[in-house]
>>> print(open('entry-v1.pdb').read())   # PDB, C-alpha atoms, pLDDT in the B column
ATOM      1  CA  MET A   1      -2.623 -41.577 -36.916  1.00 57.00           C
ATOM      2  CA  THR A   2      -5.370 -41.221 -34.311  1.00 79.00           C
ATOM      3  CA  THR A   3      -6.927 -37.763 -34.113  1.00 84.00           C
ATOM      4  CA  ASP A   4      -7.397 -36.125 -30.743  1.00 87.00           C
ATOM      5  CA  TRP A   5     -10.810 -34.671 -31.570  1.00 90.00           C
ATOM      6  CA  ARG A   6     -11.135 -32.762 -28.337  1.00 88.00           C
ATOM      7  CA  ALA A   7      -7.852 -30.936 -29.028  1.00 87.00           C
ATOM      8  CA  ALA A   8      -8.954 -30.335 -32.613  1.00 89.00           C
ATOM      9  CA  GLN A   9     -12.281 -28.903 -31.428  1.00 88.00           C
ATOM     10  CA  GLU A  10     -10.528 -26.605 -28.954  1.00 83.00           C
ATOM     11  CA  ARG A  11      -8.180 -25.410 -31.697  1.00 84.00           C
ATOM     12  CA  LEU A  12     -11.061 -24.775 -34.090  1.00 85.00           C
ATOM     13  CA  ARG A  13     -12.867 -22.698 -31.486  1.00 78.00           C
ATOM     14  CA  ALA A  14      -9.686 -20.701 -30.697  1.00 72.00           C
ATOM     15  CA  LEU A  15      -9.363 -19.908 -34.400  1.00 74.00           C
ATOM     16  CA  GLY A  16     -12.961 -18.743 -34.719  1.00 66.00           C
ATOM     17  CA  PHE A  17     -14.570 -21.874 -36.233  1.00 78.00           C
ATOM     18  CA  ASP A  18     -17.534 -23.345 -34.344  1.00 79.00           C
ATOM     19  CA  PRO A  19     -17.094 -27.123 -33.794  1.00 87.00           C
ATOM     20  CA  GLY A  20     -20.177 -27.434 -31.599  1.00 84.00           C
ATOM     21  CA  PRO A  21     -19.801 -28.996 -28.132  1.00 85.00           C
ATOM     22  CA  ILE A  22     -16.223 -29.799 -27.041  1.00 86.00           C
ATOM     23  CA  ASP A  23     -16.996 -33.490 -26.603  1.00 88.00           C
ATOM     24  CA  GLY A  24     -14.158 -35.291 -28.401  1.00 89.00           C
ATOM     25  CA  LEU A  25     -16.491 -36.563 -31.126  1.00 90.00           C
ATOM     26  CA  CYS A  26     -16.253 -35.803 -34.831  1.00 90.00           C
ATOM     27  CA  GLY A  27     -19.879 -34.923 -35.389  1.00 91.00           C
ATOM     28  CA  PRO A  28     -21.485 -32.907 -38.206  1.00 91.00           C
ATOM     29  CA  LYS A  29     -20.643 -29.487 -36.707  1.00 90.00           C
ATOM     30  CA  THR A  30     -17.021 -30.463 -36.136  1.00 91.00           C
ATOM     31  CA  LYS A  31     -16.735 -31.774 -39.707  1.00 91.00           C
ATOM     32  CA  ALA A  32     -18.260 -28.546 -41.040  1.00 89.00           C
ATOM     33  CA  ALA A  33     -15.814 -26.472 -38.986  1.00 87.00           C
ATOM     34  CA  ILE A  34     -12.841 -28.509 -40.250  1.00 90.00           C
ATOM     35  CA  THR A  35     -14.070 -28.063 -43.803  1.00 87.00           C
ATOM     36  CA  ALA A  36     -14.406 -24.301 -43.297  1.00 83.00           C
ATOM     37  CA  PHE A  37     -10.915 -24.099 -41.802  1.00 84.00           C
ATOM     38  CA  GLY A  38      -9.437 -26.105 -44.687  1.00 85.00           C
ATOM     39  CA  ARG A  39     -11.066 -23.869 -47.269  1.00 80.00           C
ATOM     40  CA  SER A  40      -9.781 -20.765 -45.446  1.00 75.00           C
ATOM     41  CA  ARG A  41      -6.257 -22.130 -45.915  1.00 76.00           C
ATOM     42  CA  GLY A  42      -6.767 -23.207 -49.527  1.00 75.00           C
ATOM     43  CA  LEU A  43      -6.468 -26.899 -48.633  1.00 77.00           C
ATOM     44  CA  GLY A  44      -8.176 -29.703 -50.532  1.00 69.00           C
ATOM     45  CA  PHE A  45      -9.707 -32.855 -49.100  1.00 67.00           C
ATOM     46  CA  GLY A  46      -8.589 -35.404 -51.692  1.00 65.00           C
ATOM     47  CA  SER A  47      -6.752 -37.466 -49.084  1.00 61.00           C
ATOM     48  CA  GLY A  48      -9.244 -36.895 -46.284  1.00 73.00           C
ATOM     49  CA  PHE A  49      -9.082 -34.726 -43.180  1.00 80.00           C
ATOM     50  CA  GLY A  50      -5.533 -35.769 -42.192  1.00 82.00           C
ATOM     51  CA  PRO A  51      -3.547 -32.932 -43.847  1.00 86.00           C
ATOM     52  CA  VAL A  52      -6.173 -30.380 -42.766  1.00 87.00           C
ATOM     53  CA  ILE A  53      -6.021 -31.561 -39.139  1.00 88.00           C
ATOM     54  CA  ALA A  54      -2.222 -31.319 -39.280  1.00 87.00           C
ATOM     55  CA  ALA A  55      -2.471 -27.724 -40.570  1.00 85.00           C
ATOM     56  CA  LEU A  56      -5.094 -26.950 -37.936  1.00 86.00           C
ATOM     57  CA  MET A  57      -2.855 -28.021 -35.080  1.00 84.00           C
ATOM     58  CA  ARG A  58       0.016 -25.910 -36.466  1.00 81.00           C
ATOM     59  CA  ALA A  59      -2.158 -22.837 -37.006  1.00 76.00           C
ATOM     60  CA  GLU A  60      -1.521 -19.804 -34.872  1.00 71.00           C
ATOM     61  CA  ALA A  61      -4.362 -18.612 -32.672  1.00 64.00           C
ATOM     62  CA  PRO A  62      -5.448 -14.976 -32.878  1.00 61.00           C
ATOM     63  CA  CYS A  63      -3.817 -12.426 -30.581  1.00 69.00           C
ATOM     64  CA  PRO A  64      -6.488 -10.622 -28.548  1.00 65.00           C
ATOM     65  CA  ASP A  65      -4.015  -8.016 -27.267  1.00 81.00           C
ATOM     66  CA  LEU A  66      -3.006  -7.146 -30.860  1.00 92.00           C
ATOM     67  CA  PRO A  67      -6.344  -7.027 -32.671  1.00 93.00           C
ATOM     68  CA  TRP A  68      -4.819  -6.125 -36.044  1.00 96.00           C
ATOM     69  CA  MET A  69      -2.800  -9.358 -35.916  1.00 94.00           C
ATOM     70  CA  ALA A  70      -5.934 -11.296 -34.997  1.00 90.00           C
ATOM     71  CA  GLU A  71      -7.590  -9.808 -38.078  1.00 92.00           C
ATOM     72  CA  ALA A  72      -4.609 -10.652 -40.299  1.00 93.00           C
ATOM     73  CA  LEU A  73      -4.448 -14.229 -39.002  1.00 88.00           C
ATOM     74  CA  ARG A  74      -8.182 -14.620 -39.565  1.00 86.00           C
ATOM     75  CA  LEU A  75      -7.677 -13.897 -43.266  1.00 90.00           C
ATOM     76  CA  GLN A  76      -4.642 -16.112 -43.793  1.00 87.00           C
ATOM     77  CA  GLY A  77      -5.075 -18.246 -46.888  1.00 86.00           C
ATOM     78  CA  LEU A  78      -7.335 -15.892 -48.875  1.00 90.00           C
ATOM     79  CA  HIS A  79      -6.222 -15.731 -52.515  1.00 93.00           C
ATOM     80  CA  GLU A  80      -6.722 -12.798 -54.876  1.00 94.00           C
ATOM     81  CA  ARG A  81      -8.202 -14.966 -57.639  1.00 94.00           C
ATOM     82  CA  ARG A  82     -10.038 -17.670 -55.707  1.00 90.00           C
ATOM     83  CA  ASP A  83     -11.427 -15.248 -53.091  1.00 92.00           C
ATOM     84  CA  THR A  84     -11.680 -12.023 -55.120  1.00 93.00           C
ATOM     85  CA  ALA A  85     -15.192 -11.075 -54.023  1.00 92.00           C
ATOM     86  CA  ARG A  86     -14.489 -11.677 -50.342  1.00 91.00           C
ATOM     87  CA  LEU A  87     -11.252  -9.672 -50.477  1.00 93.00           C
ATOM     88  CA  ARG A  88     -12.847  -6.753 -52.324  1.00 93.00           C
ATOM     89  CA  ALA A  89     -15.709  -6.633 -49.818  1.00 92.00           C
ATOM     90  CA  TRP A  90     -13.297  -6.737 -46.869  1.00 93.00           C
ATOM     91  CA  LEU A  91     -10.734  -4.153 -48.033  1.00 94.00           C
ATOM     92  CA  ASP A  92     -11.267  -0.836 -46.254  1.00 91.00           C
ATOM     93  CA  PRO A  93     -12.530   2.096 -48.367  1.00 89.00           C
ATOM     94  CA  ALA A  94      -9.545   4.104 -47.106  1.00 82.00           C
ATOM     95  CA  ALA A  95      -7.432   1.976 -49.438  1.00 78.00           C
ATOM     96  CA  GLY A  96      -9.682   2.726 -52.417  1.00 74.00           C
ATOM     97  CA  ALA A  97     -11.966   0.453 -54.425  1.00 76.00           C
ATOM     98  CA  ILE A  98      -9.213  -1.746 -55.817  1.00 86.00           C
ATOM     99  CA  ASP A  99      -9.248  -5.071 -57.614  1.00 91.00           C
ATOM    100  CA  PRO A 100      -6.545  -7.190 -55.929  1.00 92.00           C
ATOM    101  CA  ARG A 101      -6.052  -9.102 -59.176  1.00 93.00           C
ATOM    102  CA  ALA A 102      -5.049  -5.936 -60.999  1.00 92.00           C
ATOM    103  CA  MET A 103      -2.686  -4.133 -58.633  1.00 92.00           C
ATOM    104  CA  PRO A 104      -0.440  -4.735 -55.606  1.00 93.00           C
ATOM    105  CA  TRP A 105      -2.512  -4.804 -52.414  1.00 96.00           C
ATOM    106  CA  CYS A 106       0.007  -5.304 -49.597  1.00 97.00           C
ATOM    107  CA  GLY A 107      -0.574  -1.734 -48.375  1.00 97.00           C
ATOM    108  CA  ALA A 108      -4.331  -2.121 -48.648  1.00 96.00           C
ATOM    109  CA  PHE A 109      -4.136  -5.292 -46.555  1.00 97.00           C
ATOM    110  CA  VAL A 110      -2.170  -3.598 -43.771  1.00 98.00           C
ATOM    111  CA  ALA A 111      -4.479  -0.577 -43.832  1.00 97.00           C
ATOM    112  CA  SER A 112      -7.606  -2.740 -43.680  1.00 96.00           C
ATOM    113  CA  CYS A 113      -6.342  -4.854 -40.771  1.00 97.00           C
ATOM    114  CA  LEU A 114      -5.429  -1.740 -38.802  1.00 97.00           C
ATOM    115  CA  ARG A 115      -8.705   0.042 -39.555  1.00 96.00           C
ATOM    116  CA  ALA A 116     -10.703  -3.055 -38.551  1.00 94.00           C
ATOM    117  CA  ALA A 117      -8.862  -3.147 -35.220  1.00 94.00           C
ATOM    118  CA  LEU A 118      -8.303   0.589 -34.626  1.00 95.00           C
ATOM    119  CA  PRO A 119     -11.025   2.564 -36.453  1.00 94.00           C
ATOM    120  CA  GLY A 120      -9.441   5.919 -35.580  1.00 93.00           C
ATOM    121  CA  VAL A 121      -5.917   5.007 -36.676  1.00 95.00           C
ATOM    122  CA  ILE A 122      -4.178   7.593 -38.871  1.00 95.00           C
ATOM    123  CA  LEU A 123      -2.985   5.908 -42.059  1.00 96.00           C
ATOM    124  CA  PRO A 124      -0.340   7.161 -44.491  1.00 95.00           C
ATOM    125  CA  ASP A 125      -1.649   9.616 -47.091  1.00 93.00           C
ATOM    126  CA  THR A 126      -1.117   6.965 -49.782  1.00 93.00           C
ATOM    127  CA  PRO A 127      -1.672   3.615 -48.031  1.00 95.00           C
ATOM    128  CA  LEU A 128      -1.373   1.655 -51.280  1.00 94.00           C
ATOM    129  CA  ALA A 129       2.260   2.787 -51.614  1.00 95.00           C
ATOM    130  CA  ALA A 130       4.291   0.312 -49.541  1.00 96.00           C
ATOM    131  CA  ARG A 131       7.133   2.723 -48.769  1.00 97.00           C
ATOM    132  CA  ALA A 132       4.676   5.320 -47.460  1.00 97.00           C
ATOM    133  CA  TRP A 133       4.268   3.075 -44.410  1.00 98.00           C
ATOM    134  CA  GLY A 134       7.776   4.097 -43.372  1.00 98.00           C
ATOM    135  CA  ARG A 135       6.148   7.273 -42.028  1.00 97.00           C
ATOM    136  CA  PHE A 136       3.253   5.502 -40.281  1.00 98.00           C
ATOM    137  CA  GLY A 137       2.855   5.831 -36.505  1.00 98.00           C
ATOM    138  CA  ASP A 138       6.017   5.599 -34.399  1.00 98.00           C
ATOM    139  CA  PRO A 139       9.344   3.803 -34.916  1.00 98.00           C
ATOM    140  CA  VAL A 140       9.739   0.529 -33.057  1.00 98.00           C
ATOM    141  CA  ALA A 141      11.986  -2.518 -32.976  1.00 97.00           C
ATOM    142  CA  PRO A 142      10.858  -5.346 -35.309  1.00 97.00           C
ATOM    143  CA  VAL A 143       8.659  -7.020 -32.686  1.00 95.00           C
ATOM    144  CA  PHE A 144       5.599  -9.213 -33.154  1.00 94.00           C
ATOM    145  CA  GLY A 145       2.813  -7.121 -34.673  1.00 96.00           C
ATOM    146  CA  ALA A 146       5.023  -4.313 -35.975  1.00 97.00           C
ATOM    147  CA  VAL A 147       4.464  -2.964 -39.485  1.00 98.00           C
ATOM    148  CA  LEU A 148       7.583  -3.836 -41.493  1.00 98.00           C
ATOM    149  CA  VAL A 149       8.520  -1.922 -44.641  1.00 98.00           C
ATOM    150  CA  PHE A 150      10.906  -3.423 -47.194  1.00 98.00           C
ATOM    151  CA  TRP A 151      12.525  -2.295 -50.425  1.00 97.00           C
ATOM    152  CA  ARG A 152      12.080  -4.169 -53.675  1.00 94.00           C
ATOM    153  CA  GLY A 153      14.302  -3.791 -56.715  1.00 90.00           C
ATOM    154  CA  ALA A 154      16.799  -1.417 -55.083  1.00 93.00           C
ATOM    155  CA  PRO A 155      17.106   0.283 -51.678  1.00 94.00           C
ATOM    156  CA  SER A 156      16.968   3.720 -53.303  1.00 92.00           C
ATOM    157  CA  GLY A 157      14.102   2.927 -55.689  1.00 92.00           C
ATOM    158  CA  TRP A 158      10.355   3.412 -55.269  1.00 94.00           C
ATOM    159  CA  GLN A 159       9.158  -0.202 -55.118  1.00 94.00           C
ATOM    160  CA  GLY A 160       8.476  -1.798 -51.776  1.00 97.00           C
ATOM    161  CA  HIS A 161       6.497  -4.235 -49.698  1.00 97.00           C
ATOM    162  CA  VAL A 162       4.745  -3.944 -46.330  1.00 98.00           C
ATOM    163  CA  GLY A 163       3.351  -6.490 -43.893  1.00 98.00           C
ATOM    164  CA  PHE A 164       3.204  -7.446 -40.218  1.00 98.00           C
ATOM    165  CA  CYS A 165       6.050  -8.989 -38.235  1.00 96.00           C
ATOM    166  CA  ARG A 166       5.194 -12.509 -37.120  1.00 92.00           C
ATOM    167  CA  GLY A 167       8.742 -13.280 -35.961  1.00 90.00           C
ATOM    168  CA  GLU A 168      12.271 -13.725 -37.205  1.00 92.00           C
ATOM    169  CA  ASP A 169      15.054 -16.232 -37.708  1.00 92.00           C
ATOM    170  CA  ALA A 170      18.774 -15.494 -37.979  1.00 92.00           C
ATOM    171  CA  SER A 171      18.621 -13.921 -41.451  1.00 96.00           C
ATOM    172  CA  ALA A 172      14.984 -13.087 -42.221  1.00 97.00           C
ATOM    173  CA  TYR A 173      11.759 -11.676 -40.855  1.00 97.00           C
ATOM    174  CA  HIS A 174       8.634 -13.807 -41.063  1.00 94.00           C
ATOM    175  CA  VAL A 175       6.038 -11.472 -42.555  1.00 96.00           C
ATOM    176  CA  LEU A 176       2.271 -11.969 -42.380  1.00 95.00           C
ATOM    177  CA  GLY A 177       0.885  -9.946 -45.258  1.00 96.00           C
ATOM    178  CA  GLY A 178      -1.193  -9.669 -48.390  1.00 96.00           C
ATOM    179  CA  ASN A 179      -0.101  -9.938 -52.008  1.00 95.00           C
ATOM    180  CA  GLN A 180       2.449 -12.581 -51.034  1.00 94.00           C
ATOM    181  CA  SER A 181       2.213 -15.271 -53.729  1.00 91.00           C
ATOM    182  CA  ASP A 182      -1.098 -13.521 -54.567  1.00 94.00           C
ATOM    183  CA  ALA A 183      -2.542 -14.390 -51.164  1.00 93.00           C
ATOM    184  CA  VAL A 184      -2.514 -13.668 -47.435  1.00 93.00           C
ATOM    185  CA  THR A 185       0.448 -15.744 -46.304  1.00 91.00           C
ATOM    186  CA  VAL A 186       3.528 -15.804 -44.119  1.00 90.00           C
ATOM    187  CA  THR A 187       6.769 -15.383 -46.045  1.00 93.00           C
ATOM    188  CA  ARG A 188      10.433 -14.890 -45.149  1.00 95.00           C
ATOM    189  CA  ILE A 189      12.035 -11.608 -46.224  1.00 97.00           C
ATOM    190  CA  ALA A 190      15.747 -10.932 -45.752  1.00 97.00           C
ATOM    191  CA  LYS A 191      16.630  -8.618 -42.887  1.00 97.00           C
ATOM    192  CA  THR A 192      18.922  -6.709 -45.247  1.00 97.00           C
ATOM    193  CA  ARG A 193      15.834  -5.438 -47.102  1.00 97.00           C
ATOM    194  CA  LEU A 194      14.180  -3.839 -44.059  1.00 98.00           C
ATOM    195  CA  LEU A 195      13.630  -0.078 -44.346  1.00 98.00           C
ATOM    196  CA  ALA A 196      11.493   0.600 -41.264  1.00 98.00           C
ATOM    197  CA  ALA A 197       9.515  -0.972 -38.429  1.00 98.00           C
ATOM    198  CA  ARG A 198       6.531   1.054 -37.214  1.00 98.00           C
ATOM    199  CA  TRP A 199       3.817   0.849 -34.540  1.00 98.00           C
ATOM    200  CA  PRO A 200       0.400   2.579 -34.346  1.00 97.00           C
ATOM    201  CA  ALA A 201       0.828   5.957 -32.633  1.00 96.00           C
ATOM    202  CA  GLY A 202      -0.586   6.107 -29.116  1.00 94.00           C
ATOM    203  CA  VAL A 203      -0.872   2.313 -28.768  1.00 94.00           C
ATOM    204  CA  PRO A 204       1.354   0.680 -26.105  1.00 94.00           C
ATOM    205  CA  VAL A 205       4.026  -1.558 -27.597  1.00 94.00           C
ATOM    206  CA  THR A 206       3.099  -4.992 -26.296  1.00 90.00           C
ATOM    207  CA  GLY A 207       4.710  -7.026 -29.075  1.00 88.00           C
ATOM    208  CA  ARG A 208       7.922  -8.874 -28.297  1.00 88.00           C
ATOM    209  CA  PRO A 209      10.670 -10.400 -30.451  1.00 89.00           C
ATOM    210  CA  VAL A 210       9.655 -13.911 -31.518  1.00 87.00           C
ATOM    211  CA  ARG A 211      12.199 -16.435 -32.774  1.00 88.00           C
ATOM    212  CA  ARG A 212      11.046 -18.730 -35.559  1.00 86.00           C
ATOM    213  CA  THR A 213      12.568 -21.583 -37.491  1.00 83.00           C
ATOM    214  CA  ALA A 214      13.277 -21.085 -41.181  1.00 84.00           C
ATOM    215  CA  ALA A 215      12.154 -24.644 -41.967  1.00 78.00           C
ATOM    216  CA  GLY A 216       9.406 -24.854 -44.578  1.00 77.00           C
ATOM    217  CA  LEU A 217       9.524 -21.216 -45.658  1.00 83.00           C
ATOM    218  CA  ASP A 218      11.498 -20.117 -48.706  1.00 86.00           C
ATOM    219  CA  LEU A 219      13.205 -16.735 -48.795  1.00 93.00           C
ATOM    220  CA  SER A 220      11.151 -14.294 -50.864  1.00 93.00           C
ATOM    221  CA  SER A 221      12.844 -12.138 -53.480  1.00 85.00           C
ATOM    222  CA  ASN A 222       9.810 -10.368 -55.027  1.00 84.00           C
ATOM    223  CA  GLU A 223       6.411 -10.029 -53.340  1.00 87.00           C
ATOM    224  CA  ALA A 224       4.690  -8.347 -56.321  1.00 70.00           C
TER
END
>>> encode(input="entry-v1.pdb", output="structure tokens")
Amino acid sequence: MTTDWRAAQERLRALGFDPGPIDGLCGPKTKAAITAFGRSRGLGFGSGFGPVIAALMRAEAPCPDLPWMAEALRLQGLHERRDTARLRAWLDPAAGAIDPRAMPWCGAFVASCLRAALPGVILPDTPLAARAWGRFGDPVAPVFGAVLVFWRGAPSGWQGHVGFCRGEDASAYHVLGGNQSDAVTVTRIAKTRLLAARWPAGVPVTGRPVRRTAAGLDLSSNEA
């Protein structure tokens, strides 16, 4: 398959990786940017650039009007064991000095993305507790960028999960979050598990419902 290097360079730049001049040539800066993108997604290069280019062209560009989603997308692919130091340095102090290898960090991820985008945002008193996010901000429909809170174990229990709405299919929400398969990923979570959808208080709701295909994403049953 022939690579459209100009399109690849434009995509790299949109995603925050510097390919050098947009000239349609795979020069050293473009190769370095592709390598950096691949590593950010946990992809190897055993079979060359092909699979990484394919992932690059599928990757979602940041959302400038929803800066917390841009921040979350920027971190997609980070893994709690492979990227421990980077995650620990990035996590906001409001979430506590946690080791993501030792405890659930979905709430810390949401808190850190929001604080990076909205420094004055008021977080839940216990941001590490996923269900505490059910009292965050204002209620909203499950639109793109909303904070979604789910139950785990049982609807009336204490366990939960929290992440950002990336879209939905007929039976599940597509959730961009941390501590999903020990990494920052997108996973499908059944709509029947949703407890709340919330939006930062005082911020206009600009997110819209986004329909996604379920292809390629398994339904999650336990995000711990």
>>> closest_residue(input="entry-v1.pdb", among="A:Leu87, A:Ala196, A:Leu56, A:Leu43", to="Phe17 of chain A", atoms="all atoms listed in the file")
A:Leu56
>>> atom_distance(input="entry-v1.pdb", atom1="atom CA of Val175 of chain A", atom2="atom CA of Ala70 of chain A")
14.2 Å
>>> residues_around(input="entry-v1.pdb", residues="Ala197 of chain A", least_positions_apart="6", cutoff="6 Å", atoms="only C-alpha atoms", output="mmCIF file with C-alpha atoms, keeping the file's coordinate frame")
data_model
loop_
_atom_site.group_PDB
_atom_site.id
_atom_site.type_symbol
_atom_site.label_atom_id
_atom_site.label_comp_id
_atom_site.auth_asym_id
_atom_site.auth_seq_id
_atom_site.Cartn_x
_atom_site.Cartn_y
_atom_site.Cartn_z
ATOM 1 C CA PRO A 139 9.344 3.803 -34.916
ATOM 2 C CA VAL A 140 9.739 0.529 -33.057
ATOM 3 C CA PRO A 142 10.858 -5.346 -35.309
ATOM 4 C CA VAL A 147 4.464 -2.964 -39.485
ATOM 5 C CA LEU A 148 7.583 -3.836 -41.493
#
>>> atom_distance(input="entry-v1.pdb", atom1="atom CA of Ala172 of chain A", atom2="atom CA of Ala215 of chain A")
11.9 Å
>>> residues_near_point(input="entry-v1.pdb", point="(-4.0, -9.0, -41.6)", cutoff="12 Å", atoms="only C-alpha atoms", output="NGL selection string")
:A and (62-63 or 66-78 or 87 or 90-92 or 105-117 or 145-147 or 162-166 or 175-180 or 183-186)
>>> atom_distance(input="entry-v1.pdb", atom1="atom CA of Trp158 of chain A", atom2="atom CA of Thr84 of chain A")
26.9 Å
>>> closest_residue(input="entry-v1.pdb", among="A:Ala214, A:Gly137, A:Ala130, A:Glu168", to="Phe150 of chain A", atoms="all atoms listed in the file")
A:Ala130
>>> resolve_selection(input="entry-v1.pdb", expression="the PyMOL selection byres ((chain A and resi 125) around 12)", output="list in words")
Ala94, Ala95, Gly96, Gly107, Ala111, Ile122, Leu123, Pro124, Thr126, Pro127, Leu128, Ala129, Ala130, Arg131, Ala132, Trp133, Gly134, Arg135 and Phe136 of chain A
>>> resolve_selection(input="entry-v1.pdb", expression="the PyMOL selection byres ((chain A and resi 152) around 10)", output="list of chain:residue names")
A:Ala130, A:Arg131, A:Val149, A:Phe150, A:Trp151, A:Gly153, A:Ala154, A:Pro155, A:Ser156, A:Gly157, A:Trp158, A:Gln159, A:Gly160, A:His161, A:Arg193, A:Leu194, A:Ser221, A:Asn222, A:Glu223, A:Ala224
>>> axis_aligned_box(input="entry-v1.pdb", around="segment 46-58 of chain A", padding_each_side="8 Å", output="JSON")
{"center_x": -4.6, "center_y": -31.7, "center_z": -43.4, "size_x": 25.3, "size_y": 27.6, "size_z": 32.6}
>>> resolve_selection(input="entry-v1.pdb", expression="the PyMOL selection byres ((chain A and resi 19) around 6)", output="ChimeraX atom specification")
/A:9,18,20,29-30,33
>>> residues_around(input="entry-v1.pdb", residues="segment 216-220 of chain A", least_positions_apart="4", cutoff="8 Å", atoms="all atoms listed in the file", output="PyMOL selection string")
chain A and resi 172+187-190
>>> closest_residue(input="entry-v1.pdb", among="A:Ala102, A:Ala141, A:Pro119, A:Ala85", to="Gly207 of chain A", atoms="all atoms listed in the file")
A:Ala141
>>> residues_around(input="entry-v1.pdb", residues="Ala55 of chain A", least_positions_apart="4", cutoff="12 Å", atoms="only C-alpha atoms", output="ChimeraX atom specification")
/A:8,11-12,34,37-44,49-51,59-60,77
>>> write_last_selection(input="entry-v1.pdb", atoms="C-alpha atoms", output="PDB file, in the coordinates of the input")
ATOM      1  CA  ALA A   8      -8.954 -30.335 -32.613  1.00 89.00           C
ATOM      2  CA  ARG A  11      -8.180 -25.410 -31.697  1.00 84.00           C
ATOM      3  CA  LEU A  12     -11.061 -24.775 -34.090  1.00 85.00           C
ATOM      4  CA  ILE A  34     -12.841 -28.509 -40.250  1.00 90.00           C
ATOM      5  CA  PHE A  37     -10.915 -24.099 -41.802  1.00 84.00           C
ATOM      6  CA  GLY A  38      -9.437 -26.105 -44.687  1.00 85.00           C
ATOM      7  CA  ARG A  39     -11.066 -23.869 -47.269  1.00 80.00           C
ATOM      8  CA  SER A  40      -9.781 -20.765 -45.446  1.00 75.00           C
ATOM      9  CA  ARG A  41      -6.257 -22.130 -45.915  1.00 76.00           C
ATOM     10  CA  GLY A  42      -6.767 -23.207 -49.527  1.00 75.00           C
ATOM     11  CA  LEU A  43      -6.468 -26.899 -48.633  1.00 77.00           C
ATOM     12  CA  GLY A  44      -8.176 -29.703 -50.532  1.00 69.00           C
ATOM     13  CA  PHE A  49      -9.082 -34.726 -43.180  1.00 80.00           C
ATOM     14  CA  GLY A  50      -5.533 -35.769 -42.192  1.00 82.00           C
ATOM     15  CA  PRO A  51      -3.547 -32.932 -43.847  1.00 86.00           C
ATOM     16  CA  ALA A  59      -2.158 -22.837 -37.006  1.00 76.00           C
ATOM     17  CA  GLU A  60      -1.521 -19.804 -34.872  1.00 71.00           C
ATOM     18  CA  GLY A  77      -5.075 -18.246 -46.888  1.00 86.00           C
TER      19      GLY A  77
END
